[in-house]
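So this one's work-v4.csv, CSV, C-alpha atoms:
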chain,number,residue,atom,x,y,z
A,10,MET,CA,139.7,211.1,16.5
A,11,GLU,CA,137.6,211.0,19.7
A,12,LYS,CA,138.0,214.1,21.8
A,13,ASN,CA,138.6,212.3,25.1
A,14,SER,CA,140.8,209.5,23.8
A,15,ASN,CA,144.1,209.0,25.6
A,16,LEU,CA,146.0,209.9,22.5
A,17,ASN,CA,144.2,213.2,22.1
A,18,LEU,CA,144.7,214.1,25.8
A,19,ILE,CA,148.5,213.5,25.5
A,20,LEU,CA,148.6,215.4,22.2
A,21,VAL,CA,146.8,218.5,23.5
A,22,LEU,CA,148.8,218.8,26.7
A,23,THR,CA,152.1,218.2,24.9
A,24,THR,CA,151.3,220.8,22.3
A,25,ILE,CA,150.4,223.4,25.0
A,26,GLY,CA,153.6,222.5,26.9
A,27,ILE,CA,155.8,222.9,23.9
A,28,VAL,CA,154.3,226.2,22.8
A,29,SER,CA,154.6,227.5,26.4
A,30,ALA,CA,158.2,226.4,26.6
A,31,LEU,CA,159.1,228.0,23.3
A,32,LEU,CA,157.5,231.3,24.3
A,33,LEU,CA,159.2,231.4,27.6
A,34,THR,CA,162.5,230.7,26.0
A,35,PHE,CA,162.2,233.9,24.0
A,36,VAL,CA,161.0,235.9,27.0
A,37,PHE,CA,164.0,234.6,29.0
A,38,GLU,CA,166.5,235.5,26.2
A,39,TRP,CA,164.9,238.9,26.0
A,40,THR,CA,164.8,239.8,29.7
A,41,SER,CA,167.8,238.1,31.2
A,42,PRO,CA,170.4,240.8,30.1
A,43,TYR,CA,168.2,243.5,31.7
A,44,ILE,CA,167.8,241.4,34.9
A,45,ALA,CA,171.6,240.8,35.1
A,46,ALA,CA,172.2,244.6,34.5
A,47,ASN,CA,169.8,245.5,37.3
A,48,GLU,CA,171.6,243.1,39.7
A,49,ALA,CA,175.0,244.4,38.8
A,50,GLU,CA,173.9,248.0,39.2
A,51,LYS,CA,172.4,247.3,42.6
A,52,ARG,CA,175.7,245.7,43.7
A,53,ARG,CA,177.7,248.6,42.3
A,54,ASN,CA,175.6,251.1,44.2
A,55,ALA,CA,176.0,249.1,47.4
A,56,ILE,CA,179.8,249.0,47.0
A,57,ASN,CA,179.9,252.8,46.3
A,58,GLU,CA,177.9,253.4,49.4
A,59,VAL,CA,180.0,251.3,51.7
A,60,LEU,CA,183.4,252.4,50.3
A,61,PRO,CA,182.9,256.1,49.5
A,62,GLY,CA,185.5,257.8,47.4
A,63,LEU,CA,186.5,254.7,45.4
A,64,GLU,CA,187.8,255.1,41.8
A,65,ARG,CA,188.2,251.4,40.8
A,66,VAL,CA,186.8,248.1,42.1
A,67,GLU,CA,188.5,244.8,41.7
A,68,GLU,CA,186.5,241.6,42.1
A,69,VAL,CA,188.6,238.9,43.6
A,70,GLU,CA,187.5,235.3,44.5
A,71,ILE,CA,189.3,233.8,47.5
A,72,ASP,CA,188.3,230.4,48.9
A,73,GLY,CA,185.1,230.5,47.0
A,74,GLU,CA,184.0,233.8,48.4
A,75,ILE,CA,183.9,237.0,46.4
A,76,PHE,CA,185.5,240.2,47.8
A,77,TYR,CA,185.5,243.7,46.3
A,78,GLU,CA,188.8,245.6,46.7
A,79,ALA,CA,188.4,249.3,46.2
A,80,TYR,CA,191.2,251.7,45.2
A,81,ASP,CA,191.2,255.5,45.1
A,82,ASN,CA,192.5,257.6,42.2
A,83,GLN,CA,196.1,257.3,43.4
A,84,GLY,CA,195.8,253.5,43.4
A,85,MET,CA,195.8,253.3,47.2
A,86,GLN,CA,193.5,250.6,48.6
A,87,ILE,CA,190.6,252.3,50.5
A,88,GLY,CA,189.1,249.1,51.8
A,89,VAL,CA,187.4,245.8,51.0
A,90,ALA,CA,183.7,245.0,50.7
A,91,ALA,CA,181.9,241.7,50.9
A,92,GLN,CA,178.3,240.7,50.7
A,93,HIS,CA,176.9,238.4,53.4
A,94,SER,CA,173.5,237.0,54.0
A,95,GLY,CA,171.6,235.7,57.0
A,96,ALA,CA,168.1,235.0,58.2
A,97,GLY,CA,166.0,238.0,59.2
A,98,TYR,CA,162.4,238.1,60.5
A,99,ASN,CA,160.6,237.2,57.3
A,100,GLY,CA,163.4,236.0,55.0
A,101,MET,CA,167.0,236.4,54.1
A,102,ILE,CA,168.8,239.8,54.5
A,103,ASP,CA,171.7,240.5,52.2
A,104,VAL,CA,174.1,243.0,53.5
A,105,MET,CA,177.1,244.6,51.8
A,106,VAL,CA,179.8,245.5,54.4
A,107,GLY,CA,182.8,247.7,53.6
A,108,VAL,CA,185.8,247.7,55.9
A,109,ASP,CA,189.0,249.7,56.3
A,110,LEU,CA,191.8,247.1,56.8
A,111,ASP,CA,194.4,249.6,58.2
A,112,SER,CA,192.3,251.0,61.0
A,113,GLN,CA,190.4,247.7,61.5
A,114,GLU,CA,187.1,249.5,61.3
A,115,VAL,CA,183.8,249.0,59.4
A,116,ILE,CA,183.3,252.0,57.0
A,117,ASN,CA,179.6,251.5,56.3
A,118,ILE,CA,177.0,248.9,55.5
A,119,SER,CA,174.3,248.7,52.9
A,120,ILE,CA,171.2,246.5,52.8
A,121,VAL,CA,171.2,244.9,49.3
A,122,GLY,CA,168.0,242.9,49.8
A,123,HIS,CA,165.5,242.1,52.5
A,124,GLU,CA,161.9,241.0,53.1
A,125,GLU,CA,161.4,242.6,56.5
A,126,THR,CA,158.1,244.1,57.7
A,127,PRO,CA,157.5,247.6,56.2
A,128,GLY,CA,157.6,250.3,58.8
A,129,LEU,CA,159.3,248.1,61.4
A,130,GLY,CA,162.1,245.7,60.3
A,131,ALA,CA,162.4,247.5,56.9
A,132,ARG,CA,163.8,250.4,58.8
A,133,ILE,CA,167.2,248.6,58.8
A,134,THR,CA,167.6,250.3,55.4
A,135,GLU,CA,167.4,253.8,56.9
A,136,ASN,CA,170.6,255.8,57.6
A,137,GLU,CA,169.6,256.2,61.3
A,138,TYR,CA,170.2,252.5,61.8
A,139,LYS,CA,173.0,252.0,59.3
A,140,SER,CA,175.0,254.8,60.8
A,141,ASN,CA,175.4,252.6,63.9
A,142,TYR,CA,178.1,250.7,62.0
A,143,GLN,CA,180.2,253.6,60.8
A,144,ASN,CA,183.7,253.4,62.3
A,145,LYS,CA,182.9,250.4,64.3
A,146,PRO,CA,186.0,248.4,65.4
A,147,PHE,CA,186.1,244.7,64.3
A,148,GLY,CA,184.7,242.3,66.9
A,149,ASP,CA,181.4,241.3,68.5
A,150,TYR,CA,178.6,243.8,68.9
A,151,THR,CA,175.8,244.0,71.4
A,152,GLY,CA,172.4,245.3,70.5
A,153,VAL,CA,170.9,247.8,73.0
A,154,GLY,CA,167.6,249.6,73.1
A,155,THR,CA,169.0,252.9,74.3
A,156,PRO,CA,171.5,255.3,72.7
A,157,THR,CA,174.9,253.6,72.7
A,158,SER,CA,177.5,254.4,75.3
A,159,ASP,CA,180.1,251.8,74.3
A,160,PRO,CA,181.8,251.6,70.8
A,161,MET,CA,180.8,247.9,70.5
A,162,GLU,CA,177.1,248.7,71.0
A,163,VAL,CA,174.5,249.0,68.3
A,164,GLN,CA,171.2,250.8,68.9
A,165,THR,CA,168.4,248.5,67.8
A,166,ILE,CA,165.2,249.7,66.2
A,167,ALA,CA,162.2,249.9,68.6
A,168,GLY,CA,159.7,247.2,67.6
A,169,ALA,CA,162.2,245.4,65.3
A,170,THR,CA,164.7,243.8,67.7
A,171,ILE,CA,164.8,240.6,65.6
A,172,SER,CA,165.6,242.4,62.4
A,173,SER,CA,168.2,244.6,64.1
A,174,GLU,CA,169.9,241.7,65.8
A,175,ALA,CA,169.9,239.7,62.6
A,176,VAL,CA,171.8,242.5,60.8
A,177,ILE,CA,174.3,242.7,63.7
A,178,ARG,CA,175.1,239.0,63.3
A,179,ILE,CA,175.4,239.3,59.5
A,180,VAL,CA,177.8,242.2,59.9
A,181,GLU,CA,179.9,240.4,62.5
A,182,ASN,CA,180.1,237.4,60.2
A,183,ALA,CA,181.0,239.5,57.2
A,184,VAL,CA,183.7,241.3,59.1
A,185,GLU,CA,185.1,237.9,60.3
A,186,LYS,CA,185.0,236.6,56.7
A,187,ILE,CA,187.0,239.5,55.4
A,188,ASN,CA,189.3,239.4,58.4
A,189,THR,CA,190.2,235.7,58.0
A,190,VAL,CA,191.2,236.3,54.4
A,191,TYR,CA,192.8,239.7,54.6
A,192,GLY,CA,193.8,239.8,58.3
A,193,GLY,CA,197.1,238.1,57.9
A,194,ARG,CA,198.3,240.2,55.0
B,16,MET,CA,123.8,244.9,17.9
B,17,ALA,CA,122.6,247.3,20.6
B,18,VAL,CA,121.4,244.3,22.8
B,19,LYS,CA,124.7,242.6,22.4
B,20,PHE,CA,126.6,245.6,23.6
B,21,LYS,CA,124.3,246.0,26.6
B,22,GLU,CA,125.0,242.3,27.4
B,23,LEU,CA,128.7,242.8,27.1
B,24,PHE,CA,128.6,245.8,29.3
B,25,SER,CA,126.6,244.0,32.0
B,26,VAL,CA,129.2,241.2,32.0
B,27,PHE,CA,131.9,243.9,32.3
B,28,ARG,CA,130.1,245.7,35.1
B,29,ASN,CA,129.6,242.5,37.1
B,30,GLY,CA,133.2,242.2,38.2
B,31,ILE,CA,133.5,245.8,39.2
B,32,TRP,CA,130.8,245.8,41.8
B,33,LYS,CA,128.0,243.2,41.8
B,34,GLU,CA,130.2,240.1,41.7
B,35,ASN,CA,133.4,241.8,42.8
B,36,PRO,CA,136.1,239.0,43.1
B,37,ILE,CA,137.2,240.1,46.6
B,38,MET,CA,134.1,241.6,48.1
B,39,VAL,CA,131.5,239.0,47.0
B,40,LEU,CA,133.3,236.0,45.5
B,41,VAL,CA,136.0,236.3,48.2
B,42,ILE,CA,138.7,234.6,46.0
B,43,GLY,CA,142.3,235.5,45.6
B,44,MET,CA,142.7,236.3,49.3
B,45,CYS,CA,146.5,235.5,49.5
B,46,PRO,CA,147.7,238.5,47.5
B,47,THR,CA,144.9,240.6,48.9
B,48,LEU,CA,146.0,240.2,52.5
B,49,ALA,CA,149.7,239.8,51.9
B,50,VAL,CA,150.9,242.6,49.6
B,51,THR,CA,148.6,245.5,50.3
B,52,ASN,CA,150.7,247.2,52.9
B,53,SER,CA,151.2,250.1,50.6
B,54,ALA,CA,149.1,251.7,47.9
B,55,GLU,CA,151.8,251.2,45.3
B,56,ASN,CA,152.2,247.5,46.1
B,57,GLY,CA,148.4,247.0,45.9
B,58,LEU,CA,148.2,248.7,42.5
B,59,ALA,CA,151.2,246.8,41.1
B,60,MET,CA,149.8,243.5,42.3
B,61,GLY,CA,146.4,244.3,40.8
B,62,LEU,CA,147.9,245.2,37.5
B,63,ALA,CA,150.1,242.1,37.3
B,64,THR,CA,147.1,239.9,38.1
B,65,ALA,CA,145.0,241.9,35.6
B,66,PHE,CA,147.5,241.2,32.8
B,67,VAL,CA,147.6,237.4,33.6
B,68,LEU,CA,143.8,237.2,33.9
B,69,ILE,CA,143.0,239.1,30.7
B,70,SER,CA,145.6,237.3,28.5
B,71,SER,CA,144.8,233.8,29.8
B,72,GLU,CA,141.0,234.3,29.4
B,73,ILE,CA,141.6,235.4,25.8
B,74,VAL,CA,143.8,232.4,25.0
B,75,ILE,CA,141.6,229.9,26.8
B,76,SER,CA,138.3,231.1,25.3
B,77,THR,CA,139.9,231.0,21.9
B,78,ILE,CA,141.2,227.4,22.1
B,79,LYS,CA,138.5,226.0,24.5
B,80,ASN,CA,137.1,223.7,21.7
B,81,PHE,CA,140.4,221.9,21.3
B,82,ILE,CA,140.9,221.2,25.0
B,83,PRO,CA,139.4,217.8,26.1
B,84,ALA,CA,137.4,218.1,29.3
B,85,ASN,CA,139.6,215.5,31.0
B,86,VAL,CA,142.7,217.6,30.9
B,87,ARG,CA,141.2,221.1,31.0
B,88,ILE,CA,142.6,222.0,34.5
B,89,PRO,CA,146.3,221.1,33.7
B,90,SER,CA,145.9,222.9,30.4
B,91,PHE,CA,144.6,226.0,32.1
B,92,ILE,CA,147.4,225.9,34.6
B,93,LEU,CA,150.0,225.6,31.9
B,94,ILE,CA,148.6,228.6,30.1
B,95,ILE,CA,148.3,230.6,33.2
B,96,ALA,CA,151.8,229.6,34.4
B,97,THR,CA,153.3,230.8,31.0
B,98,PHE,CA,151.8,234.3,31.4
B,99,VAL,CA,152.8,234.4,35.1
B,100,THR,CA,156.4,233.5,34.3
B,101,PHE,CA,156.4,236.1,31.5
B,102,THR,CA,155.1,238.8,34.0
B,103,ASP,CA,157.7,237.7,36.6
B,104,TYR,CA,160.6,238.2,34.1
B,105,PHE,CA,159.2,241.4,32.7
B,106,VAL,CA,158.7,243.1,36.1
B,107,LYS,CA,162.2,241.9,37.2
B,108,ALA,CA,163.8,243.3,34.1
B,109,PHE,CA,162.0,246.7,33.8
B,110,PHE,CA,160.6,247.5,37.3
B,111,PRO,CA,163.2,246.1,39.7
B,112,THR,CA,161.9,248.1,42.7
B,113,ILE,CA,158.4,246.7,42.3
B,114,ALA,CA,159.8,243.3,41.8
B,115,ALA,CA,161.8,243.6,45.1
B,116,SER,CA,158.7,244.7,47.1
B,117,LEU,CA,156.4,242.0,45.6
B,118,SER,CA,159.1,239.3,45.5
B,119,ILE,CA,157.5,235.9,45.9
B,120,PHE,CA,153.9,237.1,45.3
B,121,ILE,CA,154.3,237.5,41.5
B,122,PRO,CA,155.2,233.8,40.9
B,123,LEU,CA,152.3,233.0,43.3
B,124,ILE,CA,149.8,234.6,40.9
B,125,VAL,CA,149.7,231.2,39.2
B,126,VAL,CA,147.8,229.7,42.2
B,127,ASN,CA,145.5,232.8,42.6
B,128,CYS,CA,142.1,231.1,42.5
B,129,LEU,CA,140.6,234.2,40.9
B,130,ILE,CA,142.4,233.4,37.7
B,131,LEU,CA,141.7,229.6,37.5
B,132,GLY,CA,138.2,230.2,38.8
B,133,ARG,CA,137.4,232.7,36.0
B,134,GLN,CA,138.7,230.2,33.3
B,135,GLU,CA,136.6,227.4,34.7
B,136,ALA,CA,133.5,229.5,35.3
B,137,PHE,CA,133.6,231.8,32.4
B,138,ALA,CA,136.3,231.6,29.7
B,139,SER,CA,135.8,227.9,29.0
B,140,LYS,CA,132.1,228.4,28.4
B,141,ASN,CA,131.9,231.8,26.6
B,142,PRO,CA,133.1,233.3,23.4
B,143,VAL,CA,136.2,235.5,23.2
B,144,HIS,CA,134.5,238.9,23.3
B,145,LYS,CA,132.5,238.1,26.4
B,146,SER,CA,135.5,236.6,28.1
B,147,ILE,CA,137.5,239.8,27.4
B,148,ALA,CA,134.6,241.8,29.0
B,149,ASP,CA,134.6,239.5,32.0
B,150,ALA,CA,138.4,239.6,32.4
B,151,VAL,CA,138.6,243.3,32.2
B,152,GLY,CA,135.7,243.8,34.6
B,153,MET,CA,137.1,241.3,37.1
B,154,SER,CA,140.6,242.9,36.8
B,155,ILE,CA,139.3,246.3,37.5
B,156,GLY,CA,137.3,245.0,40.4
B,157,PHE,CA,140.3,243.2,41.8
B,158,THR,CA,142.7,246.1,41.3
B,159,TRP,CA,140.5,248.8,42.8
B,160,VAL,CA,139.9,246.8,46.0
B,161,LEU,CA,143.6,246.1,46.3
B,162,THR,CA,144.6,249.7,45.7
B,163,LEU,CA,142.0,251.0,48.2
B,164,LEU,CA,143.1,248.5,50.8
B,165,GLY,CA,146.7,249.6,50.2
B,166,ILE,CA,145.8,253.3,50.5
B,167,ILE,CA,144.0,252.8,53.8
B,168,ARG,CA,146.7,250.6,55.3
B,169,GLU,CA,149.5,252.9,54.1
B,170,PHE,CA,147.6,256.0,55.4
B,171,PHE,CA,147.1,254.7,58.9
B,172,GLY,CA,150.3,252.7,59.1
B,173,MET,CA,152.8,255.3,57.7
B,174,GLY,CA,150.8,258.5,57.3
B,175,SER,CA,151.4,258.5,53.6
B,176,VAL,CA,149.6,257.6,50.3
B,177,PHE,CA,151.6,256.3,47.3
B,178,GLY,CA,154.8,257.2,49.2
B,179,LEU,CA,153.7,260.8,49.6
B,180,GLN,CA,153.8,261.9,53.2
B,181,ILE,CA,150.4,263.4,54.2
B,182,LEU,CA,150.3,263.4,57.9
B,183,GLY,CA,153.0,265.3,59.7
B,184,GLU,CA,155.5,264.4,62.4
B,185,TRP,CA,152.8,264.6,65.1
B,186,TYR,CA,151.2,261.4,63.8
B,187,ASN,CA,152.1,258.3,65.6
B,188,PRO,CA,151.8,255.5,63.0
B,189,MET,CA,149.6,252.5,63.7
B,190,VAL,CA,152.1,249.8,62.9
B,191,ILE,CA,149.4,247.1,63.2
B,192,MET,CA,147.9,248.4,59.9
B,193,LEU,CA,151.1,247.3,58.1
B,194,LEU,CA,151.1,243.9,59.7
B,195,PRO,CA,148.9,241.0,58.5
B,196,GLY,CA,146.4,241.8,61.3
B,197,GLY,CA,145.8,245.2,59.7
B,198,ALA,CA,144.9,243.6,56.4
B,199,PHE,CA,142.2,241.4,58.1
B,200,LEU,CA,140.8,244.4,60.0
B,201,THR,CA,140.6,246.7,57.0
B,202,LEU,CA,139.2,244.0,54.6
B,203,GLY,CA,136.6,243.0,57.2
B,204,LEU,CA,135.4,246.6,57.6
B,205,MET,CA,135.5,247.2,53.8
B,206,VAL,CA,133.3,244.1,53.1
B,207,GLY,CA,130.9,245.3,55.9
B,208,ILE,CA,130.6,248.8,54.4
B,209,TYR,CA,130.2,247.3,51.0
B,210,ASN,CA,127.3,245.1,52.1
B,211,HIS,CA,125.7,248.1,54.0
B,212,ILE,CA,125.8,250.2,50.8
B,213,ASN,CA,124.2,247.4,48.8
B,214,ARG,CA,121.4,247.1,51.3
B,215,GLU,CA,120.8,250.8,51.3
B,216,VAL,CA,120.6,250.9,47.6
B,217,GLU,CA,118.0,248.1,47.6
Whole structure, structure tokens version:
Amino acid sequence: MEKNSNLNLILVLTTIGIVSALLLTFVFEWTSPYIAANEAEKRRNAINEVLPGLERVEEVEIDGEIFYEAYDNQGMQIGVAAQHSGAGYNGMIDVMVGVDLDSQEVINISIVGHEETPGLGARITENEYKSNYQNKPFGDYTGVGTPTSDPMEVQTIAGATISSEAVIRIVENAVEKINTVYGGR
Amino acid sequence: MAVKFKELFSVFRNGIWKENPIMVLVIGMCPTLAVTNSAENGLAMGLATAFVLISSEIVISTIKNFIPANVRIPSFILIIATFVTFTDYFVKAFFPTIAASLSIFIPLIVVNCLILGRQEAFASKNPVHKSIADAVGMSIGFTWVLTLLGIIREFFGMGSVFGLQILGEWYNPMVIMLLPGGAFLTLGLMVGIYNHINREVE
């Protein structure tokens, strides 16, 4: 058979394609449990961080959204967490938000994933910024560049206003999402 | 045998300095400029690219006689994409923190022109043992430049190297070094120094 005949071209490319596909199937089968475990662990760590002192977590799906209800060792509900995403400076930011439904306050937040600039926007993952949200009442927040004087204010990171504001919006939306589902109960 | 070894060694040495993929050939600029904001990221990107480059050069130089010239580029890309996808899954499964910081740049290795360029220029014309020497040399050349770039940018941008804080509280970080502009500045200066050293040696 001639090397550059159409039939040979098709045969060679198809063979390479099939071998590649077969190999990748095995790789996928091998790695996907590890990848799923990593994701689950990341989520579990985030829930533990935003709802400290929890003993048991229940995953519930309401209106197509997933909520995590946390209970302490006496079976009392500590709070509810939900993950919410929004656009940041470079890409999507995923934030886990934990709230206390009795006092209508945010307990803590955790940044699950982000692609912000290292050294600037990436500082949203630092405690200095996240502590802004501890014990925040539900509602709308304003970002300010100076130390906060009002409970509804959040101190933004110098040089990373867009990332800071993005997280504020995501937290607001997450709180609203939890509140619409659990608020009436 | 001695001559052959010498020849192999010169092929290997080529990529490290004389024909360094970044400094001289100036290929593979996308990961070079984008992910080198820390030493760890630079090194990880270099190693991921090295794995793909070495394995695809081995495969392509082995089967080069079966690939018709008319479909050689799609064949190369298919083989490269297979190794890249493997790397992507592997890093995600076993090094989740590195996967998070390199994110989209691992799948993008497939369009790194360093890899396709070496297949076209070297692996498709040379026997396996020479291709391995070329791939290893090019990989080391690529990795050391990326790592050094990462070290310089991290040192000035955060005062640390490989996550280890070196400069104290008094140091006011030059944030520009972590932004894309810092990559251009650092790479430009590095290429300048590189050319100066070469001229001095001559």
Give me, as a PyMOL selection string, the residues of chain A touching chain B, with the criterion being at most 6 Å (counting only C-alpha atoms). chain A and resi 12-13+29+40+43-44
Quick one: residues within 10 Å of Tyr209 (chain B), all atoms listed in the file counted, chain neighbours fewer than 5 positions away excluded, as a PDB file with C-alpha atoms, in the frame of the given file?
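Output saved as part12.pdb:
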ATOM      1  CA  TRP B  32     130.800 245.800  41.800  1.00  0.00           C
ATOM      2  CA  MET B  38     134.100 241.600  48.100  1.00  0.00           C
ATOM      3  CA  VAL B  39     131.500 239.000  47.000  1.00  0.00           C
ATOM      4  CA  GLY B 203     136.600 243.000  57.200  1.00  0.00           C
ATOM      5  CA  LEU B 204     135.400 246.600  57.600  1.00  0.00           C
ATOM      6  CA  ARG B 214     121.400 247.100  51.300  1.00  0.00           C
TER       7      ARG B 214
END
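CA of Leu131 (chain B) is positioned 24.9 Å from CA of Phe35 (chain A).
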What's the 10 Å shell around region 61-70 of chain B, counting all atoms listed in the file, without same-chain residues fewer than 6 positions away, as number ranges by chain? B: 43, 46-47, 51, 55, 94-103, 106, 121, 124-125, 127, 129-131, 133-134, 146-162
For Thr165 (chain A): contacts at 10 Å, all atoms listed in the file, fewer than 3 positions along chain excluded, given as a ChimeraX atom specification: /A:133,138,141,151-157,162,168-174,176-177
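Interatomic distance, CA of Phe170 (chain B) to CA of Asn213 (chain B): 25.8 Å.
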Taking only C-alpha atoms into account, name the residue in A:Ile87, A:Ile71, A:Ala79, A:Val66 that is nearest to Glu114 (chain A). A:Ile87
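CA of Gln92 (chain A) is found 19.9 Å from CA of Asp111 (chain A).
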With all atoms listed in the file as the counted atoms, please give the residues lying no more than 9 Å from Gly88 (chain A), apart from itself and same-chain residues fewer than 4 positions off, as a VMD selection string. chain A and resid 60 63 77 to 80 107 to 111 116
For a cutoff of 7 Å around the file-coordinate point (162.7, 240.0, 60.5), which residues qualify once you count all atoms listed in the file? I'd like the result as a ChimeraX atom specification. /A:97-100,125-126,130,171-172
